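First the structure, in the form of structure tokens, and then the observations on it.
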Amino acid sequence: MFTSNVDDEEIKEFYKVISQNVKKFRIQKNMSQLELALIIGQRGNAFYNYAENNTNNKHFNLEHLYKISQALDIPLCKFLENKKPKKK
């Protein structure tokens, strides 16, 4: 049986990187949280705010990231880029 060697802290850091990248690119494109929330299918920006700020255990899923990448004209892979070195 396969067991993952990824711990909860690494997953939290993964979500944090994605949130920070989404926020960075949204700001670069001069788009509000509400505008982007509506594009990804949210009726308001509460969920979007939580996901972008990595709070309340809310995270963007693949569909959200795809829609955001299309709206911001950013390659999807850019949301996964982590400029910080991995902890050992």
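For the structure tokens, the naming scheme is as follows: chains receive sequential letters (A, B, ...) according to their order of presentation, residues are indexed from 1 within each chain, and ligands are indexed from 1 in presentation order.
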
Run DSSP on the backbone and grab whatever in chain A lands in alpha helix (DSSP H); send it over as a CSV table (one decimal) with C-alpha atoms, in the first residue's frame.
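In the end it all went to selection.csv:
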```csv
chain,number,residue,atom,x,y,z
A,8,ASP,CA,-0.5,18.7,6.8
A,9,GLU,CA,2.0,21.6,7.0
A,10,GLU,CA,3.2,21.1,3.5
A,11,ILE,CA,-0.4,21.0,2.2
A,12,LYS,CA,-1.1,24.3,4.1
A,13,GLU,CA,1.9,25.9,2.5
A,14,PHE,CA,0.8,24.6,-0.9
A,15,TYR,CA,-2.6,26.3,-0.5
A,16,LYS,CA,-0.9,29.5,0.8
A,17,VAL,CA,1.3,29.7,-2.3
A,18,ILE,CA,-1.7,29.4,-4.6
A,19,SER,CA,-3.6,32.0,-2.7
A,20,GLN,CA,-0.7,34.4,-2.7
A,21,ASN,CA,-0.2,33.9,-6.5
A,22,VAL,CA,-3.9,34.4,-7.3
A,23,LYS,CA,-3.9,37.7,-5.3
A,24,LYS,CA,-0.7,38.9,-6.9
A,25,PHE,CA,-1.9,38.3,-10.4
A,26,ARG,CA,-5.4,39.8,-9.6
A,27,ILE,CA,-3.9,43.0,-8.3
A,28,GLN,CA,-1.5,43.2,-11.3
A,33,GLN,CA,-12.1,40.4,-5.5
A,34,LEU,CA,-15.8,40.8,-6.3
A,35,GLU,CA,-15.2,41.0,-10.0
A,36,LEU,CA,-13.1,37.8,-10.0
A,37,ALA,CA,-15.5,36.1,-7.6
A,38,LEU,CA,-18.4,36.7,-10.0
A,39,ILE,CA,-16.3,35.3,-12.9
A,46,ALA,CA,-17.0,35.9,0.9
A,47,PHE,CA,-15.8,32.6,-0.3
A,48,TYR,CA,-13.3,34.2,-2.7
A,49,ASN,CA,-12.0,36.4,0.1
A,50,TYR,CA,-11.5,33.4,2.3
A,51,ALA,CA,-9.8,31.4,-0.4
A,52,GLU,CA,-7.5,34.3,-1.5
A,62,LEU,CA,-9.2,23.3,-10.1
A,63,GLU,CA,-12.3,24.7,-11.8
A,64,HIS,CA,-11.8,28.0,-9.9
A,65,LEU,CA,-8.1,28.2,-10.8
A,66,TYR,CA,-8.9,27.5,-14.5
A,67,LYS,CA,-11.6,30.2,-14.6
A,68,ILE,CA,-9.3,32.7,-12.8
A,69,SER,CA,-6.4,31.9,-15.2
A,70,GLN,CA,-8.7,32.5,-18.2
A,71,ALA,CA,-10.1,35.8,-16.7
A,72,LEU,CA,-6.6,37.1,-15.9
```

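Coordinates place atom CA of A:Ile74 at a distance of 20.0 Å from atom CA of A:Gln42.
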
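When only C-alpha atoms are used to measure the gap to A:Ile40, the shortest distance among A:Asn61, A:Asp73, A:Asn5, A:Asn56 belongs to A:Asn61.
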